[in-house]
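Structure file data25.cif with mmCIF, C-alpha atoms:
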```
data_my_file
loop_
_atom_site.group_PDB
_atom_site.id
_atom_site.type_symbol
_atom_site.label_atom_id
_atom_site.label_comp_id
_atom_site.auth_asym_id
_atom_site.auth_seq_id
_atom_site.Cartn_x
_atom_site.Cartn_y
_atom_site.Cartn_z
ATOM 1 C CA MET A 162 67.378 52.698 34.715
ATOM 2 C CA ASP A 163 64.972 51.184 37.184
ATOM 3 C CA SER A 164 63.142 53.147 39.875
ATOM 4 C CA ARG A 165 65.451 51.932 42.638
ATOM 5 C CA GLU A 166 68.558 53.254 40.875
ATOM 6 C CA TYR A 167 66.765 56.513 40.156
ATOM 7 C CA ARG A 168 65.883 57.037 43.834
ATOM 8 C CA ARG A 169 69.444 56.214 44.843
ATOM 9 C CA ARG A 170 70.847 58.836 42.485
ATOM 10 C CA ILE A 171 68.353 61.382 43.812
ATOM 11 C CA ARG A 172 69.508 60.722 47.374
ATOM 12 C CA ARG A 173 73.172 61.074 46.325
ATOM 13 C CA SER A 174 72.405 64.359 44.629
ATOM 14 C CA ARG A 175 70.643 65.695 47.723
ATOM 15 C CA MET A 176 73.463 64.547 49.992
ATOM 16 C CA SER A 177 75.964 66.264 47.712
ATOM 17 C CA ASP A 178 73.934 69.485 47.793
ATOM 18 C CA ASP A 179 73.729 69.322 51.599
ATOM 19 C CA ALA A 180 77.488 68.847 51.867
ATOM 20 C CA LYS A 181 78.107 71.810 49.574
ATOM 21 C CA GLU A 182 75.760 73.951 51.690
ATOM 22 C CA ARG A 183 77.582 72.956 54.858
ATOM 23 C CA ASP A 184 80.905 73.847 53.226
ATOM 24 C CA ARG A 185 79.550 77.250 52.171
ATOM 25 C CA ARG A 186 78.374 77.966 55.722
ATOM 26 C CA ARG A 187 81.713 76.934 57.209
ATOM 27 C CA CYS A 188 83.525 79.113 54.710
ATOM 28 C CA ALA A 189 81.301 82.085 55.544
ATOM 29 C CA ALA A 190 81.848 81.586 59.270
ATOM 30 C CA ALA A 191 85.606 81.387 58.745
ATOM 31 C CA MET A 192 85.553 84.606 56.736
ATOM 32 C CA ILE A 193 83.623 86.380 59.499
ATOM 33 C CA ILE A 194 86.152 85.235 62.103
ATOM 34 C CA CYS A 195 89.014 86.317 59.859
ATOM 35 C CA VAL A 196 87.528 89.778 59.264
ATOM 36 C CA SER A 197 86.823 90.222 62.984
ATOM 37 C CA ALA A 198 90.376 89.238 63.881
ATOM 38 C CA SER A 199 91.773 91.636 61.286
ATOM 39 C CA ALA A 200 89.617 94.463 62.622
ATOM 40 C CA ALA A 201 90.769 93.765 66.177
ATOM 41 C CA PHE A 202 94.391 93.742 65.037
ATOM 42 C CA VAL A 203 94.010 97.091 63.252
ATOM 43 C CA ALA A 204 92.277 98.591 66.291
ATOM 44 C CA CYS A 205 95.099 97.367 68.505
ATOM 45 C CA CYS A 206 97.703 98.948 66.214
ATOM 46 C CA LEU A 207 95.832 102.234 66.183
ATOM 47 C CA ARG A 208 95.889 102.258 69.992
ATOM 48 C CA VAL A 209 99.687 102.089 70.175
ATOM 49 C CA PRO A 210 100.158 105.896 70.041
ATOM 50 C CA SER A 211 97.746 106.304 72.943
ATOM 51 C CA ALA A 212 99.918 103.952 74.990
ATOM 52 C CA TYR A 213 102.900 106.240 74.445
ATOM 53 C CA ALA A 214 100.757 109.243 75.325
ATOM 54 C CA TYR A 215 99.681 107.384 78.462
ATOM 55 C CA ALA A 216 103.291 106.823 79.533
ATOM 56 C CA ASP A 217 104.207 110.461 78.866
ATOM 57 C CA SER A 218 101.181 111.632 80.797
ATOM 58 C CA ILE A 219 102.002 109.452 83.795
ATOM 59 C CA ALA A 220 105.510 110.910 83.793
ATOM 60 C CA ALA A 221 103.914 114.359 83.991
ATOM 61 C CA GLY A 222 101.693 113.254 86.880
ATOM 62 C CA ASP A 223 98.401 113.474 85.004
ATOM 63 C CA ALA A 224 95.583 110.916 84.853
ATOM 64 C CA VAL A 225 94.614 109.401 81.503
ATOM 65 C CA GLN A 226 90.882 108.919 81.373
ATOM 66 C CA THR A 227 90.828 106.427 78.491
ATOM 67 C CA GLU A 228 93.271 103.833 79.841
ATOM 68 C CA CYS A 229 93.539 104.438 83.565
ATOM 69 C CA GLN A 230 91.861 106.370 86.281
ATOM 70 C CA SER A 231 93.078 108.196 89.382
ATOM 71 C CA SER A 232 90.687 109.606 91.941
ATOM 72 C CA MET A 233 92.940 112.624 92.615
ATOM 73 C CA ARG A 234 95.795 114.608 91.113
ATOM 74 C CA TRP A 235 98.897 116.165 92.634
ATOM 75 C CA PRO A 236 98.399 119.638 94.136
ATOM 76 C CA LEU A 237 101.565 120.967 92.462
ATOM 77 C CA GLU A 238 102.457 121.178 88.784
ATOM 78 C CA GLN A 239 105.761 119.302 89.188
ATOM 79 C CA PRO A 240 105.420 117.144 92.300
ATOM 80 C CA ARG A 241 108.475 115.765 94.033
ATOM 81 C CA ILE A 242 108.037 113.962 97.344
ATOM 82 C CA VAL A 243 110.579 114.959 99.994
ATOM 83 C CA GLY A 244 108.690 113.459 102.942
ATOM 84 C CA VAL A 245 106.672 110.238 102.748
ATOM 85 C CA TYR A 246 103.531 109.269 104.629
ATOM 86 C CA ASP A 247 104.201 107.470 107.903
ATOM 87 C CA ALA A 248 101.012 106.376 109.641
ATOM 88 C CA PRO A 249 101.155 106.103 113.443
ATOM 89 C CA ALA A 250 100.065 102.879 115.111
ATOM 90 C CA LYS A 251 97.344 104.851 116.918
ATOM 91 C CA GLN A 252 95.702 108.114 115.920
ATOM 92 C CA TRP A 253 96.936 109.872 119.063
ATOM 93 C CA LEU A 254 100.575 108.852 118.535
ATOM 94 C CA SER A 255 103.142 110.848 116.607
ATOM 95 C CA GLY A 256 103.627 110.212 112.900
ATOM 96 C CA HIS A 257 103.672 111.896 109.540
ATOM 97 C CA ARG A 258 100.052 112.153 108.439
ATOM 98 C CA GLY A 259 100.608 113.194 104.850
ATOM 99 C CA VAL A 260 103.288 113.795 102.232
ATOM 100 C CA ASP A 261 105.710 116.697 101.850
ATOM 101 C CA LEU A 262 106.210 118.052 98.348
ATOM 102 C CA GLN A 263 109.145 120.204 97.350
ATOM 103 C CA ALA A 264 107.884 123.720 96.707
ATOM 104 C CA GLN A 265 108.871 127.358 96.523
ATOM 105 C CA ALA A 266 107.109 130.374 97.985
ATOM 106 C CA GLN A 267 104.184 131.508 95.818
ATOM 107 C CA ASP A 268 103.909 128.177 94.001
ATOM 108 C CA ALA A 269 100.301 127.638 92.958
ATOM 109 C CA ILE A 270 98.336 124.931 94.786
ATOM 110 C CA LEU A 271 95.920 122.971 92.592
ATOM 111 C CA ALA A 272 92.802 121.223 93.838
ATOM 112 C CA PRO A 273 93.454 117.439 93.955
ATOM 113 C CA ALA A 274 89.717 116.887 93.334
ATOM 114 C CA ASP A 275 86.495 118.868 93.261
ATOM 115 C CA GLY A 276 85.775 120.372 96.635
ATOM 116 C CA THR A 277 84.845 123.327 98.824
ATOM 117 C CA ILE A 278 87.151 125.493 100.887
ATOM 118 C CA ALA A 279 86.424 124.531 104.494
ATOM 119 C CA PHE A 280 89.084 126.493 106.387
ATOM 120 C CA SER A 281 91.642 129.222 105.783
ATOM 121 C CA GLY A 282 93.734 130.664 108.582
ATOM 122 C CA LYS A 283 96.370 130.007 111.229
ATOM 123 C CA VAL A 284 96.806 126.756 113.138
ATOM 124 C CA ALA A 285 99.554 126.793 115.779
ATOM 125 C CA GLY A 286 101.067 129.759 113.976
ATOM 126 C CA LYS A 287 101.106 128.024 110.571
ATOM 127 C CA SER A 288 99.084 129.079 107.527
ATOM 128 C CA VAL A 289 96.630 126.302 106.657
ATOM 129 C CA VAL A 290 93.988 125.837 103.972
ATOM 130 C CA THR A 291 91.644 122.849 103.867
ATOM 131 C CA LEU A 292 89.551 121.634 100.976
ATOM 132 C CA ARG A 293 86.590 119.335 101.653
ATOM 133 C CA HIS A 294 85.903 116.917 98.813
ATOM 134 C CA GLY A 295 82.698 115.165 97.856
ATOM 135 C CA ALA A 296 81.396 111.610 97.953
ATOM 136 C CA ASP A 297 83.125 110.720 94.670
ATOM 137 C CA VAL A 298 86.425 110.523 96.587
ATOM 138 C CA GLY A 299 84.985 109.303 99.873
ATOM 139 C CA ASN A 300 84.167 112.637 101.549
ATOM 140 C CA LEU A 301 87.829 113.258 102.285
ATOM 141 C CA THR A 302 89.400 116.559 103.313
ATOM 142 C CA SER A 303 92.728 117.814 101.988
ATOM 143 C CA THR A 304 94.875 119.887 104.344
ATOM 144 C CA PHE A 305 97.676 122.099 102.987
ATOM 145 C CA GLU A 306 100.457 123.775 104.995
ATOM 146 C CA PRO A 307 101.868 126.377 104.620
ATOM 147 C CA ALA A 308 99.159 127.685 102.316
ATOM 148 C CA VAL A 309 97.270 130.927 101.807
ATOM 149 C CA THR A 310 94.190 131.638 99.719
ATOM 150 C CA THR A 311 92.179 134.699 98.820
ATOM 151 C CA ARG A 312 89.063 132.593 98.268
ATOM 152 C CA ALA A 313 86.318 132.696 100.868
ATOM 153 C CA VAL A 314 85.326 129.689 102.962
ATOM 154 C CA GLY A 315 82.509 127.879 101.161
ATOM 155 C CA THR A 316 83.868 128.575 97.671
ATOM 156 C CA SER A 317 83.518 125.640 95.287
ATOM 157 C CA ILE A 318 86.759 124.592 93.607
ATOM 158 C CA ALA A 319 87.103 122.352 90.562
ATOM 159 C CA LYS A 320 89.719 119.618 90.243
ATOM 160 C CA GLY A 321 92.960 121.092 88.928
ATOM 161 C CA GLU A 322 91.918 124.680 89.690
ATOM 162 C CA ARG A 323 94.461 127.006 91.303
ATOM 163 C CA PHE A 324 92.895 128.074 94.581
ATOM 164 C CA ALA A 325 95.844 128.855 96.896
ATOM 165 C CA HIS A 326 99.606 129.320 96.982
ATOM 166 C CA VAL A 327 102.535 128.267 99.133
ATOM 167 C CA GLU A 328 103.399 130.916 101.721
ATOM 168 C CA GLY A 329 104.970 130.806 105.171
ATOM 169 C CA ASP A 330 107.152 128.470 107.199
ATOM 170 C CA SER A 331 106.653 124.735 107.582
ATOM 171 C CA GLU A 332 107.836 122.392 110.300
ATOM 172 C CA HIS A 333 107.691 119.427 107.920
ATOM 173 C CA CYS A 334 110.972 120.118 106.123
ATOM 174 C CA SER A 335 114.131 122.166 106.540
ATOM 175 C CA ALA A 336 113.625 123.957 103.214
ATOM 176 C CA GLN A 337 110.396 125.209 101.658
ATOM 177 C CA CYS A 338 107.804 122.504 101.041
ATOM 178 C CA LEU A 339 104.067 121.895 100.918
ATOM 179 C CA HIS A 340 102.533 119.390 103.325
ATOM 180 C CA TRP A 341 99.452 117.626 101.940
ATOM 181 C CA GLY A 342 97.374 115.708 104.450
ATOM 182 C CA LEU A 343 94.266 113.685 103.670
ATOM 183 C CA LYS A 344 91.740 112.735 106.320
ATOM 184 C CA GLY A 345 88.313 111.112 106.453
ATOM 185 C CA ILE A 346 85.177 111.991 108.371
ATOM 186 C CA GLY A 347 86.464 110.223 111.487
ATOM 187 C CA ARG A 348 89.784 112.098 111.290
ATOM 188 C CA ASP A 349 91.489 108.958 110.055
ATOM 189 C CA TYR A 350 94.375 110.018 107.843
ATOM 190 C CA SER A 351 95.429 108.180 104.701
ATOM 191 C CA ASP A 352 98.344 108.315 102.275
ATOM 192 C CA PRO A 353 97.602 110.930 99.567
ATOM 193 C CA SER A 354 100.136 109.411 97.167
ATOM 194 C CA ILE A 355 97.954 106.296 96.839
ATOM 195 C CA ARG A 356 95.115 108.438 95.530
ATOM 196 C CA VAL A 357 97.150 109.826 92.639
ATOM 197 C CA LYS A 358 98.690 106.579 91.472
ATOM 198 C CA SER A 359 97.162 105.478 88.200
ATOM 199 C CA MET A 360 95.181 102.263 88.245
ATOM 200 C CA ARG A 361 94.664 99.949 85.278
ATOM 201 C CA ILE A 362 91.085 99.066 84.424
ATOM 202 C CA GLY A 363 90.658 95.453 83.300
ATOM 203 C CA LEU A 364 87.701 93.369 82.165
ATOM 204 C CA LYS A 365 87.189 89.831 83.403
ATOM 205 C CA GLU A 366 86.280 87.120 80.938
ATOM 206 C CA VAL A 367 82.761 85.750 81.261
#
```
Using the file provided, produce a representation of the structure as structure tokens.
Amino acid sequence: MDSREYRRRIRRSRMSDDAKERDRRRCAAAMIICVSASAAFVACCLRVPSAYAYADSIAAGDAVQTECQSSMRWPLEQPRIVGVYDAPAKQWLSGHRGVDLQAQAQDAILAPADGTIAFSGKVAGKSVVTLRHGADVGNLTSTFEPAVTTRAVGTSIAKGERFAHVEGDSEHCSAQCLHWGLKGIGRDYSDPSIRVKSMRIGLKEV
């Protein structure tokens, strides 16, 4: 074997070794992708029960922190809307600035969000309680009628805490109900039902 043939065989051997190394790297990368995909599939399967729990929770009117988020909750344990929000064209015109929820006398009223009792007393002969919320929900104020509380003005109330009860007559419905109004700093009212609807949280691809 002459030197030229020897060098040629050496080059072939090196090229073969390089090709084998490339194959090993490709195989390793494929295995990593396969393992990652399998892990993602298992994680997805394990999350299926939470999806059912999410649906059950939404039916009960509760917010699920892991999959969706609502800024507020309903002020009654079993909410049923009997009067929808109907915003007037202008603030000084007539309209229905809130929602009416079916209720019975003495039903507990729950705080839709953290807040402070801002008013408790009579307005035009109706029993009213207002709860001023913080910046986390836009500095809104919840107004409840007919409602009575034994808590003093200035008392801090946690979200979901029972702080008042339904008591008295209401002009918002023929039977007993609870009117829940929601207004901002400028006395601009908004639809409370929008605040309790669950919202999906999605991630955009980068």
Please report, as AutoDock Vina command-line options, the centre and edge lengths in Å to one decimal of an axis-aligned box covering all listed atoms of stretch 272-276 of chain A with 8 Å per side.
```
--center_x 89.6 --center_y 119.1 --center_z 94.9 --size_x 23.7 --size_y 20.3 --size_z 19.4
```
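Between A:Ser331 and the candidates A:Gly347, A:Ala266, A:Ser303, A:Leu292, the tightest atom-to-atom separation, counting all atoms listed in the file, involves A:Ala266.
Applied to this file, the PyMOL selection byres ((chain A and resi 314) around 7) selects Ile278, Ala279, Phe280, Ser281, Arg312, Ala313, Gly315 and Thr316 of chain A.
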Which of A:Ile346, A:Ala248, A:Val260, A:Val357 sits closest to A:Gly295 [using all atoms listed in the file]: A:Ile346
Polymer residues at most 12 Å from A:Ala296, only C-alpha atoms, same-chain spacing of 6 or more positions, as a PDB file with C-alpha atoms, in the frame of the given file:
```pdb
ATOM      1  CA  SER A 232      90.687 109.606  91.941  1.00  0.00           C
ATOM      2  CA  ALA A 274      89.717 116.887  93.334  1.00  0.00           C
ATOM      3  CA  ASP A 275      86.495 118.868  93.261  1.00  0.00           C
ATOM      4  CA  GLY A 276      85.775 120.372  96.635  1.00  0.00           C
ATOM      5  CA  THR A 302      89.400 116.559 103.313  1.00  0.00           C
ATOM      6  CA  GLY A 345      88.313 111.112 106.453  1.00  0.00           C
ATOM      7  CA  ILE A 346      85.177 111.991 108.371  1.00  0.00           C
TER       8      ILE A 346
END
```
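You will find atom CA of A:Glu332 at 10.4 Å from atom CA of A:Asp261.
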Which polymer residues have any atom within 12 Å of an atom of A:Ile270, counting only C-alpha atoms, with same-chain residues fewer than 2 positions away left out, as a PyMOL selection string? chain A and resi 234-240+262+264-268+272-274+290-292+303-310+318+320-328+338-341
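Going from atom CA of A:Val245 over to atom CA of A:Leu271, you cover 19.5 Å.
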